Amino acid sequence: MSGVPSPPGGFEVPLWRAVAVFRFAALAYVGVLALRDADRYAHPLVAGIVLLAMLGWTVLTALGYARPRRRGWPLLAADLAAVLAVLLVSPWVIGRTGLAGGVPSLAVVWLAGPVLAWAVSGGRRRGAVAALAMGAADLATRERIGQSTFTGAILLLLAGVVVGHVARLAVTAEQRLQRAVELEAATRERERLARGIHDSVLQVLAMVQRRGAHLDGEAGELARLAGEQEAALRALIAGAPPPDGGAEADPGTLDLRALLGRYASAAVSVSAPATGVPLPAGTARELAAATGAALENVDRHAGGRAWVLIEDEGETVTVSVRDEGPGIAAGRLDEAARQGRLGVAQSIRGRIADLGGTVTITSALGAGTEVELTVPRAAR
Amino acid sequence: MNTSGNAGVRVMVVDDHPMWREGVARDLTEAGHLVVATSGEGRQAVRVAAAARPDVVVLDLQLPDISGVEVIRGLRAALPGVRVLMLSASGEQQTVLDAVKAGATGYLVKSAAPAEFLDAVRRTAAGEPVFTPGLAGLVLGEFRRLAGEGPSRRGTASGVRTAGPAGRDDGAPRLTDRETEVLRLVAKGMSYKQIAERLGLSHRTVQNHVQNTLGKLQLHNRVELTRYAIERGLDG
């Protein structure tokens with residue numbers, strides 16, 4: 001009901017506590033003044049009863065505002081009404097002559113209590129409304145509006161606005177903190193999962209592969225499958241860019257390592273620098289696609305075993321794909337083209353040429369094939 | 001240690017996973033090596049190593065108490081001649097590179113076959129660097145980063161873009177053209193033998209080139225650490 005969502009716990013609690021302390025302190029001051037001026041009151045006995053009522057109300061509000069659930073409109077309205085009542089009854093208790101003679105009203109600074117409560121509960125605007133109501137009532141009870149009375153009303157208004165503003169700041173700060181804490185918890189959970197996977201699943205998969213790699217038949221096949229899953233999982237864990245790498249890169253760029261890391265498997269080794277290799281997103285995707293095409297070629301013609309190397313040369317980025325397949329004899333590129341092998345090579349060349357880069361294919365019969373893709377960092 | 005044959009290498013196995021520790025130790029023992037100690041945590045490993053005096057420490061980089069880099073520093077302080085072969089289950093990232101800079105000379109993924117692993121232990125004991133293609137890629141990238149970073153050291157090892165051939169004489173370690181060539185071929189999955197054939201070099205020369213790249217990186221790392229210590233007034 002309180003208009004603004006109040007987050008659980010947090011910064012608001014000390015503010016409410018401060019309001020309660022203020023009210024008790026203000027009441028003590030009122031008590032001291034009442035003792036001093038008791039003989040000048042028209043109805044001293046009633047003044048005593050009113051003071052007792054004020055004490056009771058102060059205790060009641062302190063308890064009430066301590067519970068977030070009770071900070072709603074009923075209590076706020078009752079609070080304002082109670083203090084207004086004290087203010088309005090003052091002229092009669094003190095008497096016209098007393099008031100005219102400079103005896104302060106019974107509320108004095110205590111009347112600021114509800115203004116502060118309204119401000120803390122609802123911000124600047126609500127604080128101002130309460131201050132205006134209270135100030136108006138205060139002025140209405142005066143015979144004569146002097147400079148000091150007016151100053152008091154203005155101070156009340158300022159207090160309402162400032163406290164309301166600070167309360168809002170505190171709530172906003174708390175919400176931000178809340179979000180940061182949630183984010184941190186999520187990150188930590190992810191790291192915990194990665195650690196857990198590293199400590200259990202990865203170790204077992206690696207073990208299965210290690211123990212069964214030399215076995216024939218089904219066992220060997222199982223070991224190979226375990227190895228593939230191990231590599232995939234490892235890439236997944238390591239794939240999240242380290243906090244110093246990808247995170248601070250500009251938006252619109254991609255870390256080539258993350259894109260090519262997906263190709264890593266038991267058969268494909270991907271080597272890269274430890275630090276990020278940022279490229280404009282489009283360039284990075286095209287280069288990754290060209291690398292993927294080269295790896296497909298390896299899969300079709302060279303048994304699938306391949307090594308990928310990412311190098312960051314500053315102005316340019318180079319990706320090499322090497323295999324140990326049958327290779328292509330020097331004079332037989334044309335024939336290879338007829339066999340359809342160069343079909344893929346052509347698509348690689350097309351992509352890289354569009355990026356303003358170069359493709360070098362080195363191959364010799366029996367010595368495997370090496371495809372080197374070099375692209376400039378800044379797109380032309 | 002110069003006899004790389006079956007003289008039996010004194011090996012210590014450090015891994016927090018009991019299953020792995022036992023499996024690896026069994027393989028080593030069956031191959032005729034002497035497993036002088038096993039440990040599940042880094043601090044204990046450093047303490048035990050001084051007494052057990054292994055030739056080679058097979059080290060899992062992710063331990064529950066201290067980082068792989070700290071273990072390697074501790075091991076080399078306690079036992080200067082010790083060689084470290086890293087095993088890692090989760091990818092070849094900054095941690096592996098940091099471990100190499102701290103003085104590890106070998107690296108293997110955990111899924112490597114037993115024969116490959118035993119070969120790596122033997123080669124590590126013989127002083128031969130054991131590189132995976134992934135590690136070679138990391139080292140290459142690191143030299144490029146250092147060259148581009150220029151004299152300002154202690155960058156956060158992040159987003160620093162190698163900006164071509166920057167300032168010349170800034171103390172950053174550099175690879176010779178031959179070393180770069182060799183390292184690139186390692187990163188592309190070629191064995192030392194294949195590289196030797198392709199470049200018309202001896203197997204030994206190829207191995208020396210690889211070893212030199214590691215040496216430069218480790219030396220640079222020590223210089224950086226010292227400089228950092230002096231800057232922070234930690235030297236005295």
# chains A, B, ... in the order shown; residues from 1 in each chain; ligands from 1
>>> residues_around(residues="Ala31 (chain B)", least_positions_apart="4", cutoff="9 Å", atoms="only C-alpha atoms", output="ChimeraX atom specification")
/B:6,8,26-27,118
>>> write_last_selection(atoms="N, CA and C atoms", output="PDB file, in the first residue's frame")
ATOM      1  N   ASN B   6      65.446 -46.633 -19.252  1.00  0.00           N
ATOM      2  CA  ASN B   6      64.576 -47.141 -18.218  1.00  0.00           C
ATOM      3  C   ASN B   6      65.259 -47.181 -16.858  1.00  0.00           C
ATOM      4  N   GLY B   8      64.730 -45.607 -14.561  1.00  0.00           N
ATOM      5  CA  GLY B   8      63.746 -45.400 -13.505  1.00  0.00           C
ATOM      6  C   GLY B   8      63.863 -43.991 -12.991  1.00  0.00           C
ATOM      7  N   ARG B  26      50.209 -46.150 -10.399  1.00  0.00           N
ATOM      8  CA  ARG B  26      50.282 -47.544 -10.856  1.00  0.00           C
ATOM      9  C   ARG B  26      50.960 -47.628 -12.218  1.00  0.00           C
ATOM     10  N   ASP B  27      50.540 -46.752 -13.128  1.00  0.00           N
ATOM     11  CA  ASP B  27      51.151 -46.742 -14.459  1.00  0.00           C
ATOM     12  C   ASP B  27      52.654 -46.523 -14.366  1.00  0.00           C
ATOM     13  N   LEU B 118      53.630 -41.658 -20.093  1.00  0.00           N
ATOM     14  CA  LEU B 118      54.922 -42.213 -19.668  1.00  0.00           C
ATOM     15  C   LEU B 118      56.054 -41.611 -20.483  1.00  0.00           C
TER      16      LEU B 118
END
>>> select_by_dssp(residues="chain B", states="helix (DSSP H, G or I)", output="MDAnalysis selection string")
chainID B and resid 18:30 42:52 68:78 94:102 114:125 133:149 177:187 192:199 203:231
>>> residues_around(residues="His198 (chain A)", least_positions_apart="4", cutoff="12 Å", atoms="only C-alpha atoms", output="CSV table (one decimal) with N, CA and C atoms, in the first residue's frame")
chain,number,residue,atom,x,y,z
A,191,GLU,N,30.6,-20.6,-11.4
A,191,GLU,CA,32.0,-21.0,-11.1
A,191,GLU,C,32.0,-22.3,-10.3
A,192,ARG,N,31.1,-22.4,-9.4
A,192,ARG,CA,31.0,-23.6,-8.5
A,192,ARG,C,30.7,-24.8,-9.4
A,193,LEU,N,29.7,-24.6,-10.3
A,193,LEU,CA,29.4,-25.7,-11.2
A,193,LEU,C,30.6,-26.1,-12.0
A,194,ALA,N,31.3,-25.1,-12.6
A,194,ALA,CA,32.5,-25.5,-13.4
A,194,ALA,C,33.5,-26.3,-12.5
A,202,LEU,N,34.7,-34.5,-15.4
A,202,LEU,CA,35.8,-34.5,-16.3
A,202,LEU,C,36.8,-35.5,-16.0
A,203,GLN,N,37.1,-35.7,-14.7
A,203,GLN,CA,38.1,-36.6,-14.3
A,203,GLN,C,37.7,-38.0,-14.7
A,204,VAL,N,36.5,-38.4,-14.4
A,204,VAL,CA,36.0,-39.7,-14.7
A,204,VAL,C,36.1,-40.0,-16.2
A,205,LEU,N,35.6,-39.0,-17.0
A,205,LEU,CA,35.6,-39.2,-18.5
A,205,LEU,C,37.0,-39.4,-19.0
A,206,ALA,N,37.9,-38.5,-18.5
A,206,ALA,CA,39.3,-38.6,-18.9
A,206,ALA,C,39.9,-40.0,-18.5
A,230,GLU,N,34.5,-35.6,-23.0
A,230,GLU,CA,35.4,-34.9,-22.1
A,230,GLU,C,35.9,-33.6,-22.7
A,231,ALA,N,36.3,-33.7,-24.0
A,231,ALA,CA,36.8,-32.5,-24.7
A,231,ALA,C,35.7,-31.5,-24.9
A,233,LEU,N,33.1,-31.0,-23.0
A,233,LEU,CA,32.8,-30.5,-21.7
A,233,LEU,C,33.9,-29.5,-21.2
A,234,ARG,N,35.1,-29.9,-21.5
A,234,ARG,CA,36.2,-29.1,-21.1
A,234,ARG,C,36.2,-27.7,-21.9
A,235,ALA,N,35.8,-27.8,-23.2
A,235,ALA,CA,35.7,-26.6,-24.0
A,235,ALA,C,34.6,-25.7,-23.4
A,236,LEU,N,33.5,-26.4,-22.9
A,236,LEU,CA,32.4,-25.6,-22.4
A,236,LEU,C,32.8,-24.8,-21.1
A,237,ILE,N,33.5,-25.5,-20.3
A,237,ILE,CA,33.9,-24.9,-19.0
A,237,ILE,C,34.9,-23.8,-19.3
A,238,ALA,N,35.9,-24.1,-20.2
A,238,ALA,CA,36.9,-23.1,-20.5
A,238,ALA,C,36.4,-22.1,-21.4
B,16,ASP,N,44.7,-33.9,-6.4
B,16,ASP,CA,43.7,-34.0,-5.3
B,16,ASP,C,42.7,-35.1,-5.5
B,17,HIS,N,42.8,-35.7,-6.7
B,17,HIS,CA,41.8,-36.8,-7.0
B,17,HIS,C,42.4,-38.1,-6.7
B,60,ASP,N,49.0,-31.8,-10.8
B,60,ASP,CA,47.7,-31.3,-11.3
B,60,ASP,C,47.6,-29.8,-10.9
B,61,LEU,N,47.2,-29.0,-11.9
B,61,LEU,CA,47.3,-27.5,-11.6
B,61,LEU,C,46.2,-27.0,-10.7
B,62,GLN,N,45.1,-27.8,-10.6
B,62,GLN,CA,44.1,-27.3,-9.7
B,62,GLN,C,44.1,-28.1,-8.4
B,63,LEU,N,44.6,-27.5,-7.4
B,63,LEU,CA,44.7,-28.1,-6.0
B,63,LEU,C,43.8,-27.4,-5.1
B,88,SER,N,46.5,-31.2,-16.6
B,88,SER,CA,45.4,-30.4,-16.4
B,88,SER,C,44.2,-31.0,-17.1
B,89,ALA,N,43.0,-31.0,-16.4
B,89,ALA,CA,41.8,-31.5,-17.0
B,89,ALA,C,41.0,-30.5,-17.7
B,90,SER,N,41.2,-29.2,-17.3
B,90,SER,CA,40.3,-28.2,-17.8
B,90,SER,C,41.0,-27.2,-18.7
B,91,GLY,N,41.4,-27.6,-19.9
B,91,GLY,CA,41.7,-26.6,-20.9
B,91,GLY,C,43.1,-25.9,-20.7
B,110,LYS,N,44.9,-34.3,-19.3
B,110,LYS,CA,44.7,-35.6,-18.5
B,110,LYS,C,44.2,-36.7,-19.3
>>> interface_residues(of="chain A", to="chain B", cutoff="7 Å", atoms="only C-alpha atoms", output="list in words")
His198, Leu202, Gln203, Ala206, Met207, Gln209, Arg210, Ala213, Arg234, Ala235, Ala238, Asp244, Gly245, Ala249, Val270, Ser271, Ala272, Pro273, Ala274, Thr275, Gly276, Trp307, Val308, Leu309, Glu311, Glu313, Gly314, Glu315 and Arg322 of chain A
>>> residues_around(residues="Glu12 (chain A)", least_positions_apart="6", cutoff="9 Å", atoms="only C-alpha atoms", output="ChimeraX atom specification")
/A:6,120-121,167,170-171,174
>>> write_last_selection(atoms="C-alpha atoms", output="PDB file, in the first residue's frame")
ATOM      1  CA  SER A   6       9.981  -1.359  -0.234  1.00  0.00           C
ATOM      2  CA  VAL A 120      10.753   8.271   4.907  1.00  0.00           C
ATOM      3  CA  SER A 121       7.765   6.203   3.796  1.00  0.00           C
ATOM      4  CA  ALA A 167      15.136   8.065   1.995  1.00  0.00           C
ATOM      5  CA  ALA A 170      18.714   4.892   0.252  1.00  0.00           C
ATOM      6  CA  VAL A 171      16.015   2.728  -1.269  1.00  0.00           C
ATOM      7  CA  GLU A 174      19.601  -0.781  -1.788  1.00  0.00           C
TER       8      GLU A 174
END
>>> atom_distance(atom1="CA of Glu324 (chain A)", atom2="CA of Gly303 (chain A)")
8.2 Å
>>> select_by_dssp(residues="region 99-291 of chain A", states="strand (DSSP E)", output="list in words")
Thr253, Leu254, Asp255, Val268, Ser269, Val270, Ser271, Pro278, Leu279 and Pro280 of chain A
